[in-house]
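First up is the structure itself, then whatever we jot down about it.
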Amino acid sequence: MPRLPVLLLSGLAAMAAHGEPAARVVSLDYCADQYVLELLPRASILAVSPDAEQEFAYHRERAAGLPAVRPVAEDVLALRPTLVVRSYGGGPLALAFFERAGIPVVQVPFADDIDGIRRAVTAVAGELGVPERGAAVVADMDARLAAIDAGPGTRTALYLSAGGATSGPGTLVHALLVAAGYRNYESRPGWHSVPLERLVDAEPDVVVASFFGGAAERTAWWSAMRHPVARRHLSGRDTVLLPGALTACGAWFAVDAVEELAEAR
């Protein structure tokens with residue numbers, strides 16, 4: 001995670017030392033929104049991103065009624081925030097711009113496995129001045145994971161998104177499948193499109209389908225998932241419909257996905 005300059009960190013460090021959460025916080029994207037909405041009291045949140053109430057946002061109900069701001073420098077500066085939280089919002093130059101403007105930026109780390117989620121929650125909570133809240137969130141996640149009986153992990157699961165992508169080792173989806181007691185049918189590392197000819201021969205025990213039934217599916221007209229071959233896979237075998245909001249960001253609520261997958265197994 002990029003380091004904040006010492007002068008910019010001083011205000012955050014002072015708040016953390018006195019057990020005070022950050023105030024007048026602006027979040028620039030829906031992944032950052034989830035961290036802010038989970039870790040901070042509502043009164044500390046000045047504005048969230050325009051996507052905070054979308055169907056793919058986990059805490060969309062908590063975001064209701066909060067002001068939304070576009071991740072545009074002029075709009076954000078007009079609010080006079082004391083802290084900006086971002087994952088990708090504002091583009092690659094946002095971090096440097098807000099730091100030059102004298103506004104500290106908390107960069108949410110990218111997490112592609114459960115350990116990465118633990119580190120991200122702990123780091124962001126510390127920078128927001130609420131380390132104890134972060135510790136509680138991680139402890140709850142770990143307790144729920146420990147209660148899941150993953151079994152021998154003999155059943156195979158193939159992940160399919162509405163956009164026609166699947167996910168192999170080295171991704172958060174892969175980590176969640178393994179934590180739930182499955183073997184990932186996709187053995188290639190990373191994300192890949194799913195050729196229809198491969199789907200014809202694929203014989204996973206379970207298909208895990210995500211981002212179906214919402215805006216992501218309605219906009220994916222080009223997707224191979226609309227082909228009859230793909231539709232037979234989605235309707236002709238055990239299928240777990242996983243809400244996209246559970247995997248759209250690497251965060252503690254990934255445990256919700258693990259629980260749903262384990263229950264289906």
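By order in the structure tokens, chains are A, B, ...; within a chain, residues start at 1; ligands start at 1, following the order shown.
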task: Would you mind listing what lies within 12 Å of Ala136 (chain A) as a list in words, with only C-alpha atoms counted and same-chain residues fewer than 3 positions away left out?
output: Glu38, Leu39, Arg118, Val121, Thr122, Ala125, Val130, Pro131, Glu132, Arg133, Ala139, Asp140, Met141, Asp142, Ala143 and Trp252 of chain A
- request: Fewer than 6 positions away in the same chain doesn't count, so skip those; otherwise give me all residues within 10 Å of Thr166 (chain A), counting only C-alpha atoms, as a PyMOL selection string.
  value: chain A and resi 158-160+173-174+185-186+188+190-194+208-209
task: Using DSSP on the backbone, list every residue of region 3-179 of chain A that comes out as alpha helix (DSSP H), and give them as a ChimeraX atom specification.
output: /A:6-17,30-39,60-63,73-78,94-100,114-127,131-146,172-179
- request: Enumerate the residues of region 18-151 of chain A with a DSSP assignment of strand (DSSP E or B), computed from the backbone, and present them as JSON, numbers by chain.
  value: {"A": [25, 26, 27, 45, 46, 47, 48, 68, 83, 84, 85, 86, 105, 106, 107]}
message: For a test of reading the model, state the distance in Å between CA of Ser167 (chain A) and CA of Asn184 (chain A), rounded to one decimal.
response: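 Computing the Euclidean distance for CA of Ser167 (chain A) and CA of Asn184 (chain A) yields 8.5 Å.
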task: Would you list the contacts of Cys31 (chain A) as a ChimeraX atom specification, taking every protein, DNA or RNA residue within 12 Å and counting only C-alpha atoms, but skipping same-chain residues closer than 4 positions in sequence?
output: /A:27,35-38,48-54,56-60,85-89,107-111,120,245-253
